[in-house]
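Engineer: Supplied structure: upload.cif, mmCIF, C-alpha atoms.
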```
data_coords
loop_
_atom_site.group_PDB
_atom_site.id
_atom_site.type_symbol
_atom_site.label_atom_id
_atom_site.label_comp_id
_atom_site.auth_asym_id
_atom_site.auth_seq_id
_atom_site.Cartn_x
_atom_site.Cartn_y
_atom_site.Cartn_z
ATOM 1 C CA MET I 18 33.386 9.624 -20.115
ATOM 2 C CA LYS I 19 30.100 7.768 -20.026
ATOM 3 C CA ARG I 20 27.887 9.035 -17.224
ATOM 4 C CA ALA I 21 26.483 5.528 -16.807
ATOM 5 C CA ASN I 22 29.903 4.405 -15.590
ATOM 6 C CA LEU I 23 30.190 6.946 -12.788
ATOM 7 C CA PRO I 24 30.689 5.258 -9.406
ATOM 8 C CA ASP I 25 27.694 5.136 -7.027
ATOM 9 C CA GLU I 26 29.802 6.763 -4.297
ATOM 10 C CA LEU I 27 30.181 9.899 -6.372
ATOM 11 C CA PHE I 28 26.430 10.528 -6.182
ATOM 12 C CA ASP I 29 26.464 9.850 -2.457
ATOM 13 C CA LEU I 30 29.281 12.361 -1.955
ATOM 14 C CA ILE I 31 27.478 15.009 -4.020
ATOM 15 C CA GLY I 32 24.599 14.643 -1.572
ATOM 16 C CA GLN I 33 26.826 15.012 1.492
ATOM 17 C CA LYS I 34 29.972 17.132 1.130
ATOM 18 C CA THR I 35 31.537 20.036 -0.704
ATOM 19 C CA PHE I 36 34.836 19.412 -2.464
ATOM 20 C CA GLU I 37 36.679 21.015 0.439
ATOM 21 C CA GLU I 38 35.081 18.623 2.919
ATOM 22 C CA LEU I 39 36.171 15.505 1.037
ATOM 23 C CA ASN I 40 39.118 13.503 2.348
ATOM 24 C CA ALA I 41 42.086 12.599 0.146
ATOM 25 C CA THR I 42 40.647 9.279 -1.054
ATOM 26 C CA GLU I 43 37.298 10.864 -1.888
ATOM 27 C CA LYS I 44 38.990 13.741 -3.720
ATOM 28 C CA ALA I 45 40.960 11.237 -5.753
ATOM 29 C CA LEU I 46 37.761 9.412 -6.682
ATOM 30 C CA VAL I 47 35.952 12.619 -7.635
ATOM 31 C CA THR I 48 38.785 14.065 -9.705
ATOM 32 C CA GLN I 49 38.880 10.936 -11.846
ATOM 33 C CA HIS I 50 35.504 12.010 -13.236
ATOM 34 C CA LEU I 51 34.947 15.719 -12.525
ATOM 35 C CA THR I 52 36.894 18.884 -11.829
ATOM 36 C CA ALA I 53 36.570 20.443 -8.367
ATOM 37 C CA ALA I 54 34.500 23.295 -9.854
ATOM 38 C CA GLU I 55 32.118 20.901 -11.632
ATOM 39 C CA TYR I 56 31.715 18.899 -8.468
ATOM 40 C CA ASP I 57 30.939 21.982 -6.379
ATOM 41 C CA GLU I 58 28.327 23.160 -8.891
ATOM 42 C CA LEU I 59 26.560 19.818 -8.686
ATOM 43 C CA ARG I 60 26.878 19.878 -4.912
ATOM 44 C CA ALA I 61 25.358 23.376 -4.677
ATOM 45 C CA THR I 62 22.389 22.282 -6.803
ATOM 46 C CA ILE I 63 21.725 19.218 -4.687
ATOM 47 C CA SER I 64 22.187 21.210 -1.505
ATOM 48 C CA ALA I 65 19.476 23.648 -2.645
ATOM 49 C CA PHE I 66 17.220 20.719 -3.539
ATOM 50 C CA GLN I 67 17.755 19.050 -0.161
ATOM 51 C CA GLU I 68 17.001 22.241 1.737
ATOM 52 C CA ALA I 69 13.825 22.754 -0.268
ATOM 53 C CA ASP I 70 12.928 19.108 0.358
ATOM 54 C CA SER I 71 13.333 19.381 4.111
ATOM 55 C CA SER I 72 11.135 22.462 4.166
ATOM 56 C CA LEU I 73 8.255 20.770 2.321
ATOM 57 C CA TYR I 74 5.577 20.772 4.942
ATOM 58 C CA PHE I 75 3.355 17.793 5.650
ATOM 59 C CA ALA I 76 1.511 17.851 8.934
ATOM 60 C CA PRO I 77 2.336 14.802 10.991
ATOM 61 C CA SER I 78 -0.851 12.834 10.726
ATOM 62 C CA LYS I 79 -2.191 9.800 12.508
ATOM 63 C CA PRO I 80 -2.433 6.470 10.742
ATOM 64 C CA PRO I 81 -5.701 5.789 8.923
ATOM 65 C CA LYS I 82 -8.681 5.147 11.197
ATOM 66 C CA GLU I 83 -8.904 1.648 9.844
ATOM 67 C CA ALA I 84 -5.634 0.964 11.613
ATOM 68 C CA ARG I 85 -7.246 1.097 15.034
ATOM 69 C CA VAL I 86 -9.095 -2.174 14.845
ATOM 70 C CA PRO I 87 -11.580 -3.055 17.579
ATOM 71 C CA LEU I 88 -11.171 -6.408 19.308
ATOM 72 C CA TRP I 89 -14.264 -7.973 17.718
ATOM 73 C CA LYS I 90 -12.951 -7.105 14.263
ATOM 74 C CA ARG I 91 -9.536 -8.517 15.032
ATOM 75 C CA ILE I 92 -11.204 -11.763 16.102
ATOM 76 C CA ALA I 93 -13.387 -11.718 13.003
ATOM 77 C CA LEU I 94 -10.380 -11.100 10.766
ATOM 78 C CA TYR I 95 -8.233 -13.716 12.474
ATOM 79 C CA PRO I 96 -6.956 -16.022 9.755
ATOM 80 C CA ILE I 97 -8.367 -19.567 10.079
ATOM 81 C CA PRO I 98 -6.854 -22.440 8.057
ATOM 82 C CA LEU I 99 -9.109 -23.879 5.403
ATOM 83 C CA TYR I 100 -8.916 -27.435 6.781
ATOM 84 C CA GLN I 101 -10.344 -26.219 10.101
ATOM 85 C CA VAL I 102 -13.264 -24.569 8.327
ATOM 86 C CA ALA I 103 -13.864 -27.764 6.338
ATOM 87 C CA ALA I 104 -13.760 -29.938 9.487
ATOM 88 C CA THR I 105 -16.238 -27.665 11.271
ATOM 89 C CA LEU I 106 -18.596 -27.758 8.295
ATOM 90 C CA LEU I 107 -18.387 -31.557 8.169
ATOM 91 C CA LEU I 108 -19.217 -31.806 11.872
ATOM 92 C CA LEU I 109 -22.156 -29.460 11.449
ATOM 93 C CA LEU I 110 -23.407 -31.449 8.460
ATOM 94 C CA ALA I 111 -23.132 -34.750 10.328
ATOM 95 C CA PHE I 112 -24.941 -33.276 13.311
ATOM 96 C CA THR I 113 -27.794 -31.876 11.242
ATOM 97 C CA LEU I 114 -28.197 -35.209 9.417
ATOM 98 C CA LEU I 115 -28.307 -37.262 12.619
ATOM 99 C CA TRP I 116 -30.505 -34.938 14.668
ATOM 100 C CA PRO I 117 -33.682 -35.165 12.529
ATOM 101 C CA MET I 118 -33.502 -38.997 12.580
ATOM 102 C CA LYS I 119 -33.663 -38.997 16.359
ATOM 103 C CA SER I 120 -36.398 -36.397 16.483
ATOM 104 C CA ASN I 121 -38.367 -38.312 13.781
ATOM 105 C CA GLN I 122 -38.266 -41.396 15.950
ATOM 106 C CA MET I 123 -39.817 -39.459 18.797
ATOM 107 C CA ASP I 124 -42.411 -38.049 16.466
ATOM 108 C CA SER I 125 -43.440 -41.489 15.192
ATOM 109 C CA THR I 126 -43.923 -42.784 18.770
ATOM 110 C CA GLN I 127 -46.119 -39.846 19.539
ATOM 111 C CA GLN I 128 -48.037 -40.351 16.294
ATOM 112 C CA LEU I 129 -48.614 -44.000 17.209
ATOM 113 C CA GLU I 130 -50.101 -42.953 20.515
ATOM 114 C CA VAL I 131 -52.445 -40.539 18.749
ATOM 115 C CA ILE I 132 -53.547 -43.202 16.258
ATOM 116 C CA GLN I 133 -54.159 -45.655 19.044
ATOM 117 C CA ALA I 134 -56.212 -43.057 20.920
ATOM 118 C CA LYS I 135 -58.285 -42.414 17.796
ATOM 119 C CA GLN I 136 -58.898 -46.079 17.229
ATOM 120 C CA GLU I 137 -60.033 -46.559 20.800
ATOM 121 C CA GLY I 138 -62.428 -43.614 20.413
ATOM 122 C CA ILE I 139 -63.861 -41.442 23.159
ATOM 123 C CA PRO I 140 -66.473 -43.197 25.260
ATOM 124 C CA ILE I 141 -69.679 -41.182 25.459
ATOM 125 C CA LYS I 142 -71.121 -41.334 28.838
ATOM 126 C CA GLU I 143 -74.468 -39.807 29.773
ATOM 127 C CA ASP I 144 -72.981 -37.587 32.436
ATOM 128 C CA ALA I 145 -70.295 -36.398 30.045
ATOM 129 C CA TYR I 146 -72.644 -35.431 27.185
ATOM 130 C CA PRO I 147 -73.450 -31.676 27.016
ATOM 131 C CA ASP I 148 -77.009 -30.907 28.195
ATOM 132 C CA SER I 149 -77.638 -28.335 25.446
ATOM 133 C CA LEU I 150 -77.390 -31.031 22.837
ATOM 134 C CA VAL I 151 -79.952 -33.279 24.421
ATOM 135 C CA PHE I 152 -83.277 -33.185 22.649
ATOM 136 C CA ASN I 153 -86.392 -34.760 23.936
ATOM 137 C CA LEU I 154 -88.070 -36.258 20.876
ATOM 138 C CA MET V 4 8.388 -1.590 23.903
ATOM 139 C CA ASN V 5 8.759 1.353 21.513
ATOM 140 C CA LYS V 6 12.515 0.887 21.456
ATOM 141 C CA GLN V 7 12.045 -2.743 20.516
ATOM 142 C CA LEU V 8 9.898 -1.653 17.600
ATOM 143 C CA ASP V 9 12.474 0.979 16.606
ATOM 144 C CA ASN V 10 15.076 -1.743 16.308
ATOM 145 C CA LEU V 11 12.957 -3.880 14.021
ATOM 146 C CA SER V 12 13.578 -3.686 10.290
ATOM 147 C CA ASP V 13 10.741 -2.678 7.968
ATOM 148 C CA GLU V 14 10.446 -6.228 6.736
ATOM 149 C CA ALA V 15 10.269 -7.624 10.278
ATOM 150 C CA LEU V 16 7.548 -5.117 11.161
ATOM 151 C CA MET V 17 5.538 -6.150 8.109
ATOM 152 C CA GLU V 18 5.984 -9.816 8.912
ATOM 153 C CA ARG V 19 4.698 -9.306 12.458
ATOM 154 C CA PHE V 20 1.833 -7.195 11.219
ATOM 155 C CA VAL V 21 0.787 -9.956 8.825
ATOM 156 C CA GLN V 22 0.958 -12.534 11.624
ATOM 157 C CA THR V 23 -0.738 -10.606 14.415
ATOM 158 C CA ARG V 24 -2.648 -7.803 12.660
ATOM 159 C CA SER V 25 -1.597 -5.673 15.585
ATOM 160 C CA ALA V 26 -1.809 -1.992 14.644
ATOM 161 C CA LYS V 27 1.358 -1.069 16.532
ATOM 162 C CA TYR V 28 3.583 -2.633 13.852
ATOM 163 C CA TYR V 29 1.646 -0.951 11.099
ATOM 164 C CA GLU V 30 1.745 2.415 12.852
ATOM 165 C CA LYS V 31 5.512 2.214 13.153
ATOM 166 C CA LEU V 32 5.870 1.744 9.404
ATOM 167 C CA TYR V 33 3.377 4.511 8.810
ATOM 168 C CA LEU V 34 5.341 6.951 10.940
ATOM 169 C CA ARG V 35 8.589 5.965 9.260
ATOM 170 C CA TYR V 36 7.397 6.515 5.740
ATOM 171 C CA PHE V 37 4.278 8.649 5.483
ATOM 172 C CA VAL V 38 6.035 12.013 5.209
ATOM 173 C CA VAL V 39 8.856 10.643 3.027
ATOM 174 C CA LEU V 40 6.287 9.210 0.652
ATOM 175 C CA CYS V 41 4.343 12.493 0.598
ATOM 176 C CA ARG V 42 7.496 14.393 -0.350
ATOM 177 C CA TYR V 43 8.280 11.980 -3.159
ATOM 178 C CA VAL V 44 4.817 12.339 -4.723
ATOM 179 C CA GLN V 45 4.940 16.087 -4.140
ATOM 180 C CA TRP V 46 8.156 16.374 -6.160
ATOM 181 C CA LEU V 47 6.653 14.408 -9.030
ATOM 182 C CA SER V 48 3.275 16.107 -9.138
ATOM 183 C CA GLY V 49 3.789 19.479 -7.532
ATOM 184 C CA ALA V 50 0.462 18.904 -5.769
ATOM 185 C CA SER V 51 0.602 18.530 -2.000
ATOM 186 C CA GLU V 52 -3.016 17.368 -1.637
ATOM 187 C CA LEU V 53 -2.495 14.649 -4.214
ATOM 188 C CA ALA V 54 0.691 13.656 -2.388
ATOM 189 C CA LYS V 55 -1.221 13.159 0.857
ATOM 190 C CA ASP V 56 -4.068 11.341 -0.933
ATOM 191 C CA VAL V 57 -1.694 8.924 -2.649
ATOM 192 C CA ALA V 58 0.319 8.244 0.516
ATOM 193 C CA GLN V 59 -2.840 7.694 2.555
ATOM 194 C CA THR V 60 -4.354 5.400 -0.081
ATOM 195 C CA ILE V 61 -1.197 3.323 -0.257
ATOM 196 C CA PHE V 62 -1.107 2.862 3.514
ATOM 197 C CA VAL V 63 -4.800 1.935 3.679
ATOM 198 C CA GLN V 64 -4.151 -0.597 0.920
ATOM 199 C CA ILE V 65 -1.241 -2.055 2.880
ATOM 200 C CA PHE V 66 -3.405 -2.259 5.986
ATOM 201 C CA ALA V 67 -6.206 -4.025 4.157
ATOM 202 C CA LYS V 68 -3.990 -6.470 2.261
ATOM 203 C CA PRO V 69 -0.628 -6.803 4.019
ATOM 204 C CA THR V 70 -0.155 -10.285 2.593
ATOM 205 C CA LEU V 71 0.545 -8.694 -0.783
ATOM 206 C CA PHE V 72 4.002 -7.917 0.531
ATOM 207 C CA ASP V 73 6.607 -10.516 -0.280
ATOM 208 C CA PRO V 74 8.879 -10.752 2.816
ATOM 209 C CA SER V 75 11.884 -11.510 0.623
ATOM 210 C CA GLN V 76 11.564 -8.031 -0.917
ATOM 211 C CA ASN V 77 12.811 -4.697 0.383
ATOM 212 C CA PHE V 78 9.778 -3.022 1.993
ATOM 213 C CA LYS V 79 10.782 0.545 1.152
ATOM 214 C CA VAL V 80 11.379 -0.310 -2.504
ATOM 215 C CA TRP V 81 8.003 -2.081 -2.638
ATOM 216 C CA LEU V 82 6.248 0.846 -0.967
ATOM 217 C CA PHE V 83 7.666 3.424 -3.359
ATOM 218 C CA THR V 84 6.946 1.210 -6.360
ATOM 219 C CA LEU V 85 3.292 1.040 -5.249
ATOM 220 C CA ALA V 86 3.193 4.802 -4.760
ATOM 221 C CA ARG V 87 4.842 5.468 -8.113
ATOM 222 C CA ASN V 88 2.347 3.289 -9.986
ATOM 223 C CA ARG V 89 -0.578 4.767 -8.116
ATOM 224 C CA MET V 90 0.590 8.305 -8.700
ATOM 225 C CA ARG V 91 1.158 7.741 -12.401
ATOM 226 C CA ASN V 92 -2.320 6.255 -12.819
ATOM 227 C CA GLU V 93 -3.956 9.102 -10.949
ATOM 228 C CA TRP V 94 -1.942 11.776 -12.670
ATOM 229 C CA ARG V 95 -2.889 10.472 -16.097
ATOM 230 C CA ASN V 96 -6.478 11.151 -15.208
ATOM 231 C CA ALA V 97 -7.235 14.623 -16.530
ATOM 232 C CA ALA V 98 -9.957 15.148 -13.917
ATOM 233 C CA VAL V 99 -7.503 14.575 -11.100
ATOM 234 C CA ARG V 100 -5.073 17.037 -12.651
ATOM 235 C CA ALA V 101 -7.809 19.630 -12.878
ATOM 236 C CA GLN V 102 -8.815 18.980 -9.276
ATOM 237 C CA HIS V 103 -5.296 19.375 -7.956
ATOM 238 C CA ALA V 104 -3.900 22.078 -10.197
ATOM 239 C CA PRO V 105 -5.401 24.996 -8.237
ATOM 240 C CA ARG V 106 -4.061 23.453 -5.047
ATOM 241 C CA ILE V 107 -0.508 23.869 -6.269
ATOM 242 C CA ALA V 108 -1.077 27.590 -6.012
ATOM 243 C CA GLN V 109 -2.586 27.091 -2.559
ATOM 244 C CA HIS V 110 0.443 25.051 -1.556
ATOM 245 C CA LEU V 111 2.734 27.846 -2.672
ATOM 246 C CA ASP V 112 0.709 30.296 -0.585
ATOM 247 C CA VAL V 113 1.071 28.009 2.428
ATOM 248 C CA LEU V 114 4.804 27.866 1.837
ATOM 249 C CA ALA V 115 4.956 31.625 1.756
ATOM 250 C CA THR V 116 3.272 32.002 5.134
ATOM 251 C CA GLN V 117 5.319 29.396 6.972
ATOM 252 C CA THR V 118 8.316 30.252 9.085
ATOM 253 C CA ARG V 119 11.251 28.467 7.579
ATOM 254 C CA THR V 120 14.969 28.333 7.946
ATOM 255 C CA PHE V 121 15.342 28.013 4.189
ATOM 256 C CA PRO V 122 14.208 31.121 2.292
ATOM 257 C CA VAL V 123 10.747 30.747 0.767
ATOM 258 C CA ALA V 124 11.835 32.219 -2.549
ATOM 259 C CA GLN V 125 14.519 29.566 -2.937
ATOM 260 C CA THR V 126 12.119 26.763 -2.092
ATOM 261 C CA LEU V 127 9.704 28.047 -4.700
ATOM 262 C CA ALA V 128 12.519 28.371 -7.206
ATOM 263 C CA VAL V 129 13.535 24.748 -6.641
ATOM 264 C CA GLU V 130 9.915 23.586 -6.911
ATOM 265 C CA GLN V 131 9.418 25.461 -10.152
ATOM 266 C CA ALA V 132 12.718 24.193 -11.547
ATOM 267 C CA MET V 133 11.709 20.627 -10.656
ATOM 268 C CA GLN V 134 8.392 21.047 -12.463
ATOM 269 C CA GLN V 135 10.290 21.936 -15.614
ATOM 270 C CA LEU V 136 12.259 18.699 -15.608
ATOM 271 C CA SER V 137 11.124 15.608 -17.474
ATOM 272 C CA GLU V 138 9.344 12.916 -15.427
ATOM 273 C CA PRO V 139 12.318 10.483 -15.472
ATOM 274 C CA HIS V 140 14.622 13.241 -14.230
ATOM 275 C CA GLN V 141 12.187 14.271 -11.471
ATOM 276 C CA GLU V 142 11.925 10.655 -10.364
ATOM 277 C CA VAL V 143 15.622 9.924 -10.051
ATOM 278 C CA LEU V 144 16.323 13.189 -8.239
ATOM 279 C CA ALA V 145 13.491 12.672 -5.757
ATOM 280 C CA LEU V 146 14.354 9.026 -5.155
ATOM 281 C CA LYS V 147 18.053 9.718 -4.635
ATOM 282 C CA TYR V 148 18.120 13.006 -2.741
ATOM 283 C CA SER V 149 14.693 13.165 -1.085
ATOM 284 C CA SER V 150 13.945 9.509 -0.313
ATOM 285 C CA ASN V 151 17.634 8.533 0.023
ATOM 286 C CA PHE V 152 17.582 5.367 -2.044
ATOM 287 C CA THR V 153 20.752 3.728 -3.327
ATOM 288 C CA ILE V 154 21.381 3.410 -7.070
ATOM 289 C CA PRO V 155 20.506 -0.352 -7.130
ATOM 290 C CA GLU V 156 17.241 0.365 -5.246
ATOM 291 C CA ILE V 157 16.294 3.133 -7.689
ATOM 292 C CA SER V 158 17.058 0.742 -10.506
ATOM 293 C CA ASP V 159 14.596 -1.759 -8.966
ATOM 294 C CA ILE V 160 11.861 0.844 -8.531
ATOM 295 C CA LEU V 161 12.167 2.260 -12.024
ATOM 296 C CA GLY V 162 12.783 -1.094 -13.683
ATOM 297 C CA CYS V 163 15.876 0.065 -15.584
ATOM 298 C CA SER V 164 19.607 -0.597 -15.408
ATOM 299 C CA GLN V 165 21.861 1.033 -12.818
ATOM 300 C CA GLY V 166 23.810 2.658 -15.631
ATOM 301 C CA THR V 167 20.627 4.308 -16.891
ATOM 302 C CA VAL V 168 19.842 5.531 -13.376
ATOM 303 C CA LYS V 169 23.282 7.112 -12.996
ATOM 304 C CA SER V 170 23.178 8.678 -16.414
ATOM 305 C CA ARG V 171 19.704 10.106 -15.764
ATOM 306 C CA LEU V 172 20.709 11.340 -12.356
ATOM 307 C CA PHE V 173 23.749 13.157 -13.664
ATOM 308 C CA TYR V 174 21.802 14.923 -16.400
ATOM 309 C CA ALA V 175 18.898 15.613 -14.028
ATOM 310 C CA ILE V 176 21.235 17.521 -11.685
ATOM 311 C CA GLN V 177 22.622 19.472 -14.605
ATOM 312 C CA GLN V 178 19.141 20.313 -15.856
ATOM 313 C CA LEU V 179 18.024 21.377 -12.400
ATOM 314 C CA ARG V 180 21.038 23.653 -12.109
ATOM 315 C CA LYS V 181 20.303 25.142 -15.521
ATOM 316 C CA HIS V 182 16.677 25.909 -14.565
ATOM 317 C CA LEU V 183 17.705 27.306 -11.183
ATOM 318 C CA ASN V 184 20.153 29.651 -12.845
ATOM 319 C CA GLN V 185 17.575 30.961 -15.326
#
```
Here is a file; write its structure as structure tokens.
Structural biologist:
Amino acid sequence: MKRANLPDELFDLIGQKTFEELNATEKALVTQHLTAAEYDELRATISAFQEADSSLYFAPSKPPKEARVPLWKRIALYPIPLYQVAATLLLLLAFTLLWPMKSNQMDSTQQLEVIQAKQEGIPIKEDAYPDSLVFNL
Amino acid sequence: MNKQLDNLSDEALMERFVQTRSAKYYEKLYLRYFVVLCRYVQWLSGASELAKDVAQTIFVQIFAKPTLFDPSQNFKVWLFTLARNRMRNEWRNAAVRAQHAPRIAQHLDVLATQTRTFPVAQTLAVEQAMQQLSEPHQEVLALKYSSNFTIPEISDILGCSQGTVKSRLFYAIQQLRKHLNQ
């Protein structure tokens, strides 16, 4: 009998019941492949394994600290679609391109006023001229 | 609220975690599988500290990159496949073996001091018998009778046919019995 052809249920039963505890259908299934003694030996082995398994001690621990995410991080990690990022970048780019043009216009008006003021010059009046710079020749 | 979460399948919890990044879904999965995963790695390595390290690392990885999970897959199978690969990589590293080897003895001391319903000597005997089995035999036994996987699920995790799984499992039980009787 090839062990690869054993039914899945047989392995489930070995993990759950002794031969005595099996019902008639289950006994019939088991005895097609194993004797009652063979079955009980396998059952005893698995029973010992399962008891050892359940007594393996691992302290109940809390999830990793990273699991408790603060609100700001959740917002920062919130998935944003790529098209929205692209649209925002385009808007920002358009805004930064248009803004300097407007501010340049204002600058050129101011510059014109300065040039005009220079061209007109500052009239020197006698009462406005500093006394310390007056020399009597 | 907790009951609602209890009723959700593993896959549904993962899906909601991916969508909302809310830790409550993740925590539920963690509580369902952390200890089971630790036991599985413990049976393969015999090192309880390594078992906790591997399980913790896997869960941190899932938290950081939950989108790696394919919702069409079985979560538990995926989780144990990750843990198996991780454990094998770590265990191949001689430095890690050296680091954890003394802790096996510590673990046995801890076992000896704990109050248990199952006699300590028998637990130690089973652990020692398991350590004498080949890696494929350890794996099938742990996956079937510790982690409670079905034969098709074990076949998926190990990447071999169901026939191979059953054959290995049968001989693994026989080998374990032989070592326990020695």
Engineer: Could you write out as a list of chain:residue names the residues that the PyMOL selection byres ((chain I) within 6 of (chain V)) matches in the shown file?
Structural biologist: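 Expected selection for the PyMOL selection byres ((chain I) within 6 of (chain V)) here is I:Arg20, I:Ala21, I:Thr62, I:Ala69, I:Ala84.
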Engineer: Would you export the selected residues with C-alpha atoms as an mmCIF file, in the coordinates of the input, please?
Structural biologist:
```cif
data_model
loop_
_atom_site.group_PDB
_atom_site.id
_atom_site.type_symbol
_atom_site.label_atom_id
_atom_site.label_comp_id
_atom_site.auth_asym_id
_atom_site.auth_seq_id
_atom_site.Cartn_x
_atom_site.Cartn_y
_atom_site.Cartn_z
ATOM 1 C CA ARG I 20 27.887 9.035 -17.224
ATOM 2 C CA ALA I 21 26.483 5.528 -16.807
ATOM 3 C CA THR I 62 22.389 22.282 -6.803
ATOM 4 C CA ALA I 69 13.825 22.754 -0.268
ATOM 5 C CA ALA I 84 -5.634 0.964 11.613
#
```
Engineer: Mind giving me the straight-line distance from atom CA of I:Ala41 to atom CA of I:Gln67 in Å, one decimal?
Structural biologist: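 Value for the atom CA of I:Ala41-atom CA of I:Gln67 distance: 25.2 Å.
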Engineer: Which of these, V:Arg87, V:Glu156, V:Met17, V:Pro139, has the shortest distance to V:Leu71 once you count all atoms listed in the file?
Structural biologist: V:Met17
Engineer: Work out how far atom CA of I:Ile63 is from atom CA of V:Phe83, in Å to one decimal.
Structural biologist: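 Between atom CA of V:Phe83 and atom CA of I:Ile63 the gap is 21.2 Å.
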Engineer: Between atom CA of V:Phe20 and atom CA of V:Leu85, what is the spacing in Å?
Structural biologist: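 Going from atom CA of V:Leu85 over to atom CA of V:Phe20, I get 18.5 Å.
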Engineer: Quick one: residues within 8 Å of stretch 28-37 of chain I, only C-alpha atoms counted, chain neighbours fewer than 3 positions away excluded, as an MDAnalysis selection string?
Structural biologist: (chainID I and resid 24:25 44 53 56:57 59:60 63:64) or (chainID V and resid 148)
